[in-house]
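Structure data follow from model-v5.cif (mmCIF, C-alpha atoms and all ligand atoms):
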data_input
#
loop_
_atom_site.label_atom_id
_atom_site.label_comp_id
_atom_site.auth_asym_id
_atom_site.auth_seq_id
_atom_site.Cartn_x
_atom_site.Cartn_y
_atom_site.Cartn_z
CA MET A 260 98.25 31.08 43.27
CA PHE A 261 95.13 31.96 41.34
CA LYS A 262 93.88 30.00 38.42
CA LYS A 263 91.25 32.12 36.84
CA GLY A 264 91.91 35.55 35.53
CA LEU A 265 88.33 36.35 36.30
CA LEU A 266 89.02 36.07 40.00
CA VAL A 267 91.71 38.66 39.69
CA ILE A 268 89.48 41.02 37.87
CA MET A 269 86.71 40.53 40.37
CA SER A 270 88.97 41.19 43.30
CA LEU A 271 90.33 44.22 41.57
CA PHE A 272 87.21 45.85 40.37
CA LEU A 273 84.58 44.72 42.80
CA CYS A 274 87.00 45.25 45.63
CA LEU A 275 85.79 42.13 47.39
CA GLY A 276 88.82 42.09 49.55
CA VAL A 277 87.87 38.70 50.94
CA LEU A 278 90.13 36.52 48.85
CA GLN A 279 92.87 35.13 51.03
CA THR A 280 95.07 33.47 48.47
CA THR A 281 98.48 32.68 49.73
CA ALA A 282 101.33 34.39 48.01
CA SER A 283 104.68 32.81 47.41
CA ALA A 284 106.48 33.36 50.65
CA ALA A 285 108.79 36.32 50.70
CA GLY A 286 112.44 35.54 51.27
CA ALA A 287 112.92 35.28 55.00
CA GLY A 288 116.14 37.21 54.94
CA SER A 289 114.86 40.28 53.20
CA SER A 290 112.39 42.84 54.49
CA SER A 291 109.56 44.71 52.89
CA LEU A 292 110.28 48.30 51.99
CA LYS A 293 108.04 51.33 51.94
CA LEU A 294 107.66 52.52 48.40
CA GLY A 295 108.67 56.04 47.49
CA VAL A 296 106.69 57.64 44.69
CA ASN A 297 108.27 60.80 43.36
CA ASP A 298 108.81 63.03 46.43
CA LYS A 299 106.42 61.15 48.69
CA LEU A 300 107.03 58.15 50.90
CA THR A 301 103.82 56.15 50.54
CA GLU A 302 102.32 53.55 52.87
CA ILE A 303 102.61 50.98 50.08
CA GLU A 304 104.57 47.96 51.27
CA ALA A 305 106.86 46.51 48.65
CA VAL A 306 107.35 42.81 49.34
CA PRO A 307 110.46 41.03 48.07
CA VAL A 308 109.75 37.77 46.28
CA LYS A 309 112.35 35.94 44.24
CA GLY A 310 114.38 38.92 43.31
CA SER A 311 111.67 41.47 42.68
CA TYR A 312 109.72 43.83 44.89
CA TYR A 313 105.96 43.39 44.54
CA VAL A 314 103.30 45.98 45.33
CA PRO A 315 99.50 45.99 45.13
CA VAL A 316 98.71 47.18 41.62
CA ARG A 317 95.63 49.02 42.83
CA ALA A 318 97.50 51.10 45.40
CA LEU A 319 100.33 51.82 42.99
CA SER A 320 97.86 52.87 40.30
CA ALA A 321 96.11 55.19 42.74
CA GLU A 322 99.42 56.87 43.61
CA LEU A 323 100.47 57.27 40.00
CA LYS A 324 97.01 58.04 38.59
CA TRP A 325 97.03 55.02 36.34
CA THR A 326 93.86 53.55 34.86
CA LEU A 327 93.16 49.84 35.24
CA THR A 328 90.81 48.10 32.86
CA GLY A 329 89.78 44.49 33.09
CA LEU A 330 89.85 42.68 29.74
CA THR A 331 89.25 39.10 28.79
CA ASP A 332 92.94 38.24 28.51
CA GLY A 333 94.23 40.35 31.35
CA ILE A 334 94.35 43.82 32.83
CA ALA A 335 95.28 46.91 30.89
CA VAL A 336 97.34 49.38 32.88
CA ALA A 337 97.45 52.84 31.32
CA ALA A 338 99.58 55.81 32.30
CA GLY A 339 98.95 58.80 30.08
CA ASN A 340 99.46 57.67 26.51
CA LYS A 341 101.42 54.57 27.55
CA SER A 342 99.86 51.27 28.39
CA VAL A 343 100.79 47.68 29.09
CA ARG A 344 98.72 44.60 29.62
CA LEU A 345 99.21 42.17 32.46
CA LEU A 346 98.16 38.86 30.97
CA ASN A 347 96.11 36.35 32.93
CA ASN A 348 97.59 33.22 34.45
CA ASN A 349 101.04 34.71 34.78
CA GLY A 350 101.26 34.99 31.01
CA GLY A 351 103.62 37.95 31.35
CA LEU A 352 103.41 41.61 30.54
CA LYS A 353 102.44 42.59 27.02
CA LEU A 354 104.09 45.83 25.96
CA GLN A 355 102.69 48.36 23.54
CA ASP A 356 104.73 46.99 20.66
CA GLY A 357 103.40 43.48 21.29
CA THR A 358 106.51 42.17 23.05
CA ILE A 359 105.74 39.97 26.00
CA VAL A 360 108.16 40.11 28.91
CA PRO A 361 108.05 37.60 31.74
CA MET A 362 106.20 38.98 34.75
CA ASP A 363 104.54 37.15 37.59
CA SER A 364 101.74 38.36 39.80
CA PHE A 365 99.96 36.86 42.78
CA LEU A 366 97.16 37.60 45.18
CA LYS A 367 97.87 38.69 48.71
CA ASN A 368 94.96 39.44 51.05
CA GLY A 369 92.80 39.95 48.00
CA ASN A 370 95.22 42.39 46.39
CA LEU A 371 96.82 41.67 43.07
CA MET A 372 100.55 42.07 43.62
CA VAL A 373 102.76 43.01 40.69
CA PRO A 374 106.48 43.76 40.46
CA VAL A 375 107.36 47.44 40.98
CA LYS A 376 109.24 47.18 37.70
CA ILE A 377 105.94 47.26 35.86
CA SER A 378 106.30 51.04 36.22
CA SER A 379 109.52 51.02 34.20
CA TYR A 380 107.52 49.83 31.20
CA LEU A 381 105.28 52.86 31.60
CA GLY A 382 108.12 55.34 31.43
CA TYR A 383 109.04 55.64 35.11
CA SER A 384 112.47 55.13 36.52
CA ILE A 385 113.09 53.02 39.58
CA THR A 386 115.85 53.43 42.10
CA PHE A 387 116.79 50.76 44.58
CA GLN A 388 119.52 51.12 47.16
CA GLY A 389 119.36 48.19 49.52
CA ASP A 390 121.76 49.65 52.03
CA LYS A 391 119.62 52.78 52.36
CA TYR A 392 116.26 50.95 52.23
CA LEU A 393 115.38 53.07 49.25
CA LEU A 394 112.90 51.86 46.65
CA ARG A 395 111.51 54.71 44.65
CA VAL A 396 109.45 55.14 41.50
CA ARG A 397 109.71 58.50 39.84
CA ASP A 398 108.88 60.46 36.75
CA GLY A 399 109.83 63.94 35.61
CA SER A 400 107.74 65.56 38.32
CA ALA A 401 110.02 64.46 41.14
CA ALA A 402 112.03 67.35 42.56
CA MET A 403 114.14 65.54 45.12
CA SER A 404 117.29 63.64 44.27
CA ASP A 405 117.54 60.15 45.73
CA GLU A 406 120.03 61.49 48.22
CA ALA A 407 117.64 64.20 49.37
CA PHE A 408 114.81 61.67 49.51
CA VAL A 409 116.81 59.34 51.74
CA LYS A 410 117.77 62.24 53.98
CA GLN A 411 114.20 63.48 54.26
CA TYR A 412 112.72 60.09 55.17
CA GLN A 413 115.66 58.32 56.74
CA ASP A 414 113.83 57.55 60.00
CA LYS A 415 110.89 56.03 58.18
CA LEU A 416 112.69 54.06 55.48
CA LYS A 417 114.29 51.49 57.70
CA PRO A 418 112.05 48.42 58.09
CA GLN A 419 110.76 47.80 61.59
CA ALA A 420 112.00 44.22 61.44
CA ALA A 421 115.40 43.90 63.00
CA SER A 422 117.09 42.22 60.06
CA PRO A 423 118.81 44.48 57.57
CA ALA A 424 117.40 44.64 54.07
CA ALA A 425 120.66 44.04 52.36
CA PRO A 426 122.50 40.96 53.49
CA SER A 427 125.72 40.64 51.59
CA GLY A 428 125.96 38.00 48.96
CA ASN A 429 128.64 35.39 49.30
CA ASN A 430 130.72 36.73 46.48
CA GLY A 431 131.48 40.15 47.87
CA VAL A 432 129.72 41.89 45.04
CA LYS A 433 126.47 43.48 46.13
CA GLY A 434 123.91 46.15 45.36
CA ARG A 435 122.23 46.90 42.09
CA THR A 436 125.41 46.72 40.11
CA LEU A 437 125.96 44.50 37.18
CA TYR A 438 129.09 43.26 35.45
CA LEU A 439 128.99 42.70 31.72
CA THR A 440 131.78 40.48 30.43
CA PHE A 441 132.71 39.61 26.87
CA ASP A 442 134.96 36.68 25.99
CA ASP A 443 136.95 35.66 22.93
CA GLY A 444 137.51 39.12 21.47
CA PRO A 445 138.47 41.38 20.03
CA SER A 446 136.68 40.61 16.80
CA ALA A 447 135.62 42.15 13.51
CA THR A 448 132.54 43.55 15.26
CA THR A 449 134.12 44.94 18.45
CA VAL A 450 133.67 48.46 17.10
CA GLN A 451 129.90 48.00 16.93
CA LEU A 452 129.88 46.39 20.36
CA LEU A 453 131.72 49.37 21.84
CA ASP A 454 129.38 51.78 20.06
CA ILE A 455 126.40 50.09 21.72
CA LEU A 456 128.07 50.19 25.13
CA ASP A 457 128.86 53.88 24.63
CA LYS A 458 125.29 54.63 23.68
CA TYR A 459 124.07 53.19 26.99
CA GLU A 460 127.03 54.60 28.93
CA ALA A 461 127.85 51.06 29.90
CA LYS A 462 131.25 49.64 30.79
CA ALA A 463 132.18 46.02 30.34
CA THR A 464 135.10 43.71 31.04
CA PHE A 465 136.78 42.00 28.08
CA PHE A 466 138.53 38.67 28.45
CA MET A 467 140.63 38.71 25.34
CA ILE A 468 142.60 36.16 23.34
CA GLY A 469 146.19 37.08 22.39
CA PRO A 470 146.07 36.36 18.64
CA ASN A 471 142.78 38.27 18.35
CA MET A 472 144.39 41.29 19.99
CA ASN A 473 147.21 41.09 17.46
CA ARG A 474 144.64 41.00 14.69
CA TYR A 475 142.56 43.93 15.97
CA PRO A 476 144.99 46.18 17.87
CA SER A 477 142.98 49.38 17.43
CA GLN A 478 139.99 47.71 19.13
CA VAL A 479 142.21 46.79 22.08
CA LYS A 480 143.33 50.40 22.32
CA ARG A 481 139.76 51.65 22.24
CA ILE A 482 138.76 49.20 24.99
CA VAL A 483 141.63 50.41 27.16
CA LYS A 484 140.98 54.07 26.41
CA GLY A 485 137.26 53.62 27.11
CA ASP A 486 138.04 52.51 30.69
CA HIS A 487 136.58 49.08 30.18
CA GLY A 488 137.81 46.21 32.31
CA LEU A 489 140.67 44.09 31.00
CA GLY A 490 141.00 40.35 31.33
CA LEU A 491 142.98 37.49 29.82
CA HIS A 492 141.48 34.47 28.10
CA GLY A 493 144.73 32.81 26.97
CA MET A 494 146.34 32.31 23.57
CA THR A 495 145.01 29.12 21.99
CA HIS A 496 141.50 28.58 23.36
CA VAL A 497 142.21 24.92 22.71
CA LYS A 498 141.33 22.69 25.61
CA ASP A 499 144.11 20.15 25.13
CA LYS A 500 146.75 22.85 24.84
CA PHE A 501 145.63 25.29 27.54
CA TYR A 502 144.95 22.57 30.11
CA ALA A 503 147.92 20.40 29.10
CA SER A 504 149.62 21.36 32.37
CA PRO A 505 149.54 24.13 34.99
CA SER A 506 152.67 25.63 33.41
CA ALA A 507 151.05 25.61 29.97
CA ALA A 508 148.06 27.54 31.36
CA LEU A 509 150.30 30.04 33.12
CA ALA A 510 152.42 30.51 29.99
CA GLU A 511 149.28 31.26 27.92
CA MET A 512 148.10 33.90 30.39
CA ASN A 513 151.56 35.49 30.59
CA SER A 514 151.86 35.62 26.79
CA ASP A 515 148.35 37.04 26.52
CA ASN A 516 149.28 39.76 29.02
CA ALA A 517 152.44 40.52 27.06
CA VAL A 518 150.39 41.05 23.90
CA LEU A 519 148.01 43.35 25.76
CA LYS A 520 150.94 45.36 27.09
CA LYS A 521 152.69 45.56 23.74
CA ILE A 522 149.56 46.91 22.05
CA SER A 523 148.11 49.18 24.71
CA GLY A 524 150.69 49.65 27.43
CA ALA A 525 148.18 48.20 29.90
CA GLU A 526 148.41 44.97 31.86
CA THR A 527 145.89 43.05 33.93
CA THR A 528 145.73 40.40 36.64
CA LEU A 529 142.21 39.21 35.79
CA ILE A 530 141.90 35.86 34.05
CA ARG A 531 139.15 33.63 32.74
CA PRO A 532 140.35 30.27 31.42
CA PRO A 533 138.72 29.05 28.21
CA TYR A 534 135.34 27.32 28.82
CA GLY A 535 135.36 28.61 32.40
CA SER A 536 137.35 27.25 35.31
CA LYS A 537 135.27 24.14 35.95
CA PRO A 538 136.05 21.31 35.62
CA TYR A 539 139.57 21.65 34.23
CA PHE A 540 141.14 24.50 36.19
CA THR A 541 141.79 22.31 39.24
CA LYS A 542 143.78 23.11 42.35
CA SER A 543 147.16 22.39 40.80
CA PHE A 544 146.33 24.84 38.00
CA ARG A 545 145.06 27.47 40.40
CA ASP A 546 148.04 27.09 42.70
CA LYS A 547 150.38 27.59 39.78
CA VAL A 548 148.59 30.52 38.16
CA LEU A 549 146.96 32.39 41.05
CA THR A 550 150.16 32.47 43.10
CA GLN A 551 151.56 34.59 40.27
CA GLY A 552 149.11 37.34 41.19
CA TYR A 553 146.28 36.47 38.83
CA HIS A 554 142.64 36.55 39.95
CA LEU A 555 140.19 33.97 38.63
CA TRP A 556 136.80 35.12 37.31
CA ASP A 557 133.94 32.98 36.06
CA TRP A 558 130.32 34.21 35.90
CA ASN A 559 126.94 33.69 37.54
CA VAL A 560 124.77 34.47 34.50
CA ASP A 561 125.37 32.49 31.33
CA SER A 562 123.81 34.15 28.30
CA GLU A 563 124.57 31.13 26.09
CA ASP A 564 124.83 33.68 23.31
CA TRP A 565 127.13 31.31 21.41
CA ARG A 566 124.50 28.58 21.47
CA TYR A 567 121.38 30.60 20.63
CA LYS A 568 122.93 32.90 18.06
CA GLU A 569 119.74 33.18 16.02
CA ASN A 570 117.37 33.42 18.96
CA SER A 571 117.61 36.82 20.65
CA ASP A 572 114.38 36.25 22.57
CA LYS A 573 115.74 33.13 24.15
CA ILE A 574 118.95 34.87 25.21
CA TYR A 575 117.08 37.91 26.50
CA ASN A 576 114.55 35.94 28.54
CA SER A 577 117.15 33.62 29.97
CA VAL A 578 119.50 36.44 31.00
CA MET A 579 116.69 38.46 32.58
CA SER A 580 115.42 35.48 34.51
CA GLN A 581 118.90 34.67 35.85
CA VAL A 582 119.54 38.32 36.73
CA ASN A 583 116.23 38.62 38.57
CA LYS A 584 116.96 35.50 40.60
CA LEU A 585 120.31 36.85 41.69
CA GLN A 586 118.74 40.13 42.68
CA ALA A 587 116.75 38.19 45.29
CA SER A 588 119.95 37.38 47.11
CA LYS A 589 121.41 40.82 46.47
CA ILE A 590 124.16 39.18 44.45
CA SER A 591 125.43 41.25 41.58
CA PRO A 592 125.14 39.58 38.20
CA VAL A 593 128.35 38.80 36.35
CA ILE A 594 127.11 38.08 32.86
CA LEU A 595 128.99 35.93 30.37
CA MET A 596 128.63 37.05 26.78
CA HIS A 597 130.86 36.86 23.73
CA ASP A 598 132.44 39.48 21.53
CA GLN A 599 130.68 38.21 18.41
CA LYS A 600 128.31 39.53 15.79
CA ALA A 601 125.25 37.60 17.00
CA THR A 602 125.41 39.24 20.43
CA LEU A 603 125.04 42.72 18.94
CA LYS A 604 121.41 41.98 18.22
CA VAL A 605 120.30 41.25 21.77
CA LEU A 606 122.63 43.62 23.60
CA PRO A 607 120.69 46.90 23.17
CA ARG A 608 117.53 45.29 24.47
CA LEU A 609 119.30 43.94 27.53
CA LEU A 610 121.00 47.24 28.27
CA GLU A 611 117.73 49.10 27.85
CA THR A 612 116.06 46.89 30.44
CA PHE A 613 118.99 46.97 32.85
CA LYS A 614 118.97 50.76 32.73
CA LYS A 615 115.25 50.89 33.33
CA GLU A 616 115.63 48.59 36.30
CA GLY A 617 118.20 50.89 37.82
CA TYR A 618 121.35 48.87 37.31
CA SER A 619 124.69 50.51 36.93
CA PHE A 620 127.44 48.83 34.94
CA ALA A 621 130.75 48.35 36.68
CA VAL A 622 133.99 46.83 35.49
CA ILE A 623 135.75 44.00 37.26
CA THR A 624 138.91 45.10 39.02
CA LYS A 625 141.60 43.32 40.98
CA ASP A 626 140.16 44.78 44.19
CA LEU A 627 136.89 42.85 43.95
CA LYS A 628 136.58 39.49 45.61
CA PRO A 629 136.83 37.09 42.66
CA LEU A 630 133.72 35.21 41.65
CA ASN A 631 134.58 31.74 40.40
CA PHE A 632 133.23 28.21 40.44
CA TRP A 633 135.84 27.06 42.99
CA ASN A 634 135.22 29.88 45.47
CA ASP A 635 138.92 30.53 45.24
CA GLU A 636 139.29 34.05 46.60
CA ARG A 637 142.93 34.57 45.70
ZN ZN A 701 136.06 31.61 25.30
#
Spit out the file's structure as structure tokens when you get a sec.
Amino acid sequence: MFKKGLLVIMSLFLCLGVLQTTASAAGAGSSSLKLGVNDKLTEIEAVPVKGSYYVPVRALSAELKWTLTGLTDGIAVAAGNKSVRLLNNNGGLKLQDGTIVPMDSFLKNGNLMVPVKISSYLGYSITFQGDKYLLRVRDGSAAMSDEAFVKQYQDKLKPQAASPAAPSGNNGVKGRTLYLTFDDGPSATTVQLLDILDKYEAKATFFMIGPNMNRYPSQVKRIVKGDHGLGLHGMTHVKDKFYASPSAALAEMNSDNAVLKKISGAETTLIRPPYGSKPYFTKSFRDKVLTQGYHLWDWNVDSEDWRYKENSDKIYNSVMSQVNKLQASKISPVILMHDQKATLKVLPRLLETFKKEGYSFAVITKDLKPLNFWNDER
């Protein structure tokens, strides 16, 4: 890793090409991909490191006709009338509006490597399809669809290394898909939450509490009608009641399902016990409840949106960092959030970024292999 921003600028602009700084090692299980830029398959090698694909910023800039300018605090990258600044010493990426998003860079064979996603902040869209070895940056000038692009270059896309680029994760959920989940609703602000999801054409899965459904029945109907995922979160949300016994837990889920059915006509087999399944939802609980056909879902990204209500930045940065880590293992994020007013503030920003990074939003269904803290696949 480099220490001095000056070194970076020197290597960039004087093209010394003699710096041999070691990069963080790429994950052994994943291969480099050739980067597609609009309708062209370039010779740029995108290297996977900790969940992101990195490319030499110089080569990428040459392909996309960007201008690089060395400044005292970093490097300005300009594309047309848009520009961002890559701050020295891994200080992140400063956007035009002053926001700083986390972004690492490193030197490899004298080249400054930056995440491909830097292009998303300059107005480009990025597609990644691990199973097709497709990593493509495009703007409005691209004529080919991703499908056509894959067809055109299919012989060249596959890495020469024998190992496939997309090992499956251990939870059966893979690819650039993301699962948004909201607990504890519906609430007085579910309408606004659904409006935001609609705006971004995003679907989510709602783990709802029976009495809240009774209080906001029209919200439940809208969730069902909007093809969002449906899940049960019990009736009391009180630890000593829900976890009093396996039968108590089962009775709460059954009652919750009955409320859902009464209001919307729909039922579900997806459950998330209050506070998540660990440590209380032990084997005796799971045996009792899951043998009744329920599927247990926890999460692998905790937004802690209940804890940091007033700190959108903290929630945003933490979620993005967890999501990016999972992407390294090709494991789809299942994000825990809450149907509450405070979450409305950070949600648009998260959805905006997810869209830019090429994620699609799927709902949890009974056909997916359940993701939970006990690895209980029932
Ligand atoms: Zn809850």
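Using all atoms listed in the file as the basis for the distance check, residues found within 9 Å of ligand ZN 701 (chain A) are A:Phe441, A:Asp442, A:Asp443, A:Gly444, A:Phe466, A:Met467, A:Ile468, A:His492, A:Gly493, A:His496, A:Arg531, A:Pro532, A:Pro533, A:Tyr534, A:Gly535, A:His597.
In this structure, CA of Asp332 (chain A) sits 13.7 Å away from CA of Leu354 (chain A).
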Determine the nearest neighbour of Ala338 (chain A) from the options A:Tyr380, A:Phe365, A:Tyr313, A:Tyr392, counting only C-alpha atoms. A:Tyr380
Near-Gly295 (chain A) list (10 Å; all atoms listed in the file; drop same-chain fewer than 2 positions) as a compact mmCIF listing (two decimals) with C-alpha atoms, in the coordinates of the input:
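For reference, selection.txt as written:
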# COMPACT_ATOMS: atom_id res chain seq x y z
CA LEU A 292 110.28 48.30 51.99
CA LYS A 293 108.04 51.33 51.94
CA ASN A 297 108.27 60.80 43.36
CA ASP A 298 108.81 63.03 46.43
CA LYS A 299 106.42 61.15 48.69
CA LEU A 300 107.03 58.15 50.90
CA THR A 301 103.82 56.15 50.54
CA GLU A 302 102.32 53.55 52.87
CA ILE A 303 102.61 50.98 50.08
CA GLU A 304 104.57 47.96 51.27
CA ALA A 305 106.86 46.51 48.65
CA ILE A 385 113.09 53.02 39.58
CA THR A 386 115.85 53.43 42.10
CA LEU A 393 115.38 53.07 49.25
CA LEU A 394 112.90 51.86 46.65
CA ARG A 395 111.51 54.71 44.65
CA VAL A 396 109.45 55.14 41.50
CA ARG A 397 109.71 58.50 39.84
CA ASP A 405 117.54 60.15 45.73
CA PHE A 408 114.81 61.67 49.51
CA VAL A 409 116.81 59.34 51.74
CA TYR A 412 112.72 60.09 55.17
CA LEU A 416 112.69 54.06 55.48
With distances taken over all atoms listed in the file, the candidate from A:Ser543, A:Asn370, A:Asn471, A:Ser571 nearest Val314 (chain A) is A:Asn370
Give me the residues near Pro592 (chain A) as an MDAnalysis selection string, where near means some atom within 8 Å (using only C-alpha atoms) and where sequence neighbours in that chain fewer than 5 positions away do not count. chainID A and resid 436:438 558:560 582 585:586
File dump, residues just selected, C-alpha atoms, as a short mmCIF file (atom, residue, chain, number, x, y, z; two decimals), in the frame of the given file:
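Written output follows (selection06.cif):
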data_model
loop_
_atom_site.label_atom_id
_atom_site.label_comp_id
_atom_site.auth_asym_id
_atom_site.auth_seq_id
_atom_site.Cartn_x
_atom_site.Cartn_y
_atom_site.Cartn_z
CA THR A 436 125.41 46.72 40.11
CA LEU A 437 125.96 44.50 37.18
CA TYR A 438 129.09 43.26 35.45
CA TRP A 558 130.32 34.21 35.90
CA ASN A 559 126.94 33.69 37.54
CA VAL A 560 124.77 34.47 34.50
CA VAL A 582 119.54 38.32 36.73
CA LEU A 585 120.31 36.85 41.69
CA GLN A 586 118.74 40.13 42.68
#
Could you tell me how far CA of Lys520 (chain A) sits from CA of Tyr459 (chain A), in Å to one decimal place? 28.0 Å
Protein and nucleic acid residues near (111.6, 41.9, 45.6) (cut-off 10 Å, all atoms listed in the file) as a ChimeraX atom specification: /A:285-286,289-292,305-314,374-376,583-584,586-589
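We find CA of Asn349 (chain A) and CA of Leu609 (chain A) to be spaced 21.7 Å apart.
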Excluding region 339-341 of chain A and residues on its chain fewer than 4 positions from it, collect all residues at most 12 Å away from it, counting only C-alpha atoms, and give them as a tab-separated table (two decimals) with C-alpha atoms, keeping the file's coordinate frame.
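Output contents, as saved in selection15.tsv:
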chain	number	residue	atom	x	y	z
A	320	SER	CA	97.86	52.87	40.30
A	323	LEU	CA	100.47	57.27	40.00
A	324	LYS	CA	97.01	58.04	38.59
A	325	TRP	CA	97.03	55.02	36.34
A	326	THR	CA	93.86	53.55	34.86
A	327	LEU	CA	93.16	49.84	35.24
A	335	ALA	CA	95.28	46.91	30.89
A	354	LEU	CA	104.09	45.83	25.96
A	355	GLN	CA	102.69	48.36	23.54
A	356	ASP	CA	104.73	46.99	20.66
A	377	ILE	CA	105.94	47.26	35.86
A	378	SER	CA	106.30	51.04	36.22
A	379	SER	CA	109.52	51.02	34.20
A	380	TYR	CA	107.52	49.83	31.20
A	381	LEU	CA	105.28	52.86	31.60
A	382	GLY	CA	108.12	55.34	31.43
A	383	TYR	CA	109.04	55.64	35.11
Kindly list the centre and edge lengths in Å, rounded to one decimal, for the axis-aligned box that covers all listed atoms of region 612-616 of chain A plus 8 Å on each of its six sides, as AutoDock Vina command-line options.
--center_x 117.1 --center_y 48.9 --center_z 33.4 --size_x 19.7 --size_y 20.0 --size_z 21.9
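Near Gly552 (chain A), within 9 Å and counting only C-alpha atoms, sit Thr528, Leu529 and Arg637 of chain A; same-chain residues fewer than 5 positions away were not included.
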Tell me which of A:Arg566, A:Lys462, A:Lys615, A:Lys604 sits closest to Ile482 (chain A), counting all atoms listed in the file. A:Lys462
Protein/DNA/RNA residues near (97.4, 42.5, 42.2), cut 6 Å, all atoms listed in the file, as a PyMOL selection string: chain A and resi 315-316+366+370-373
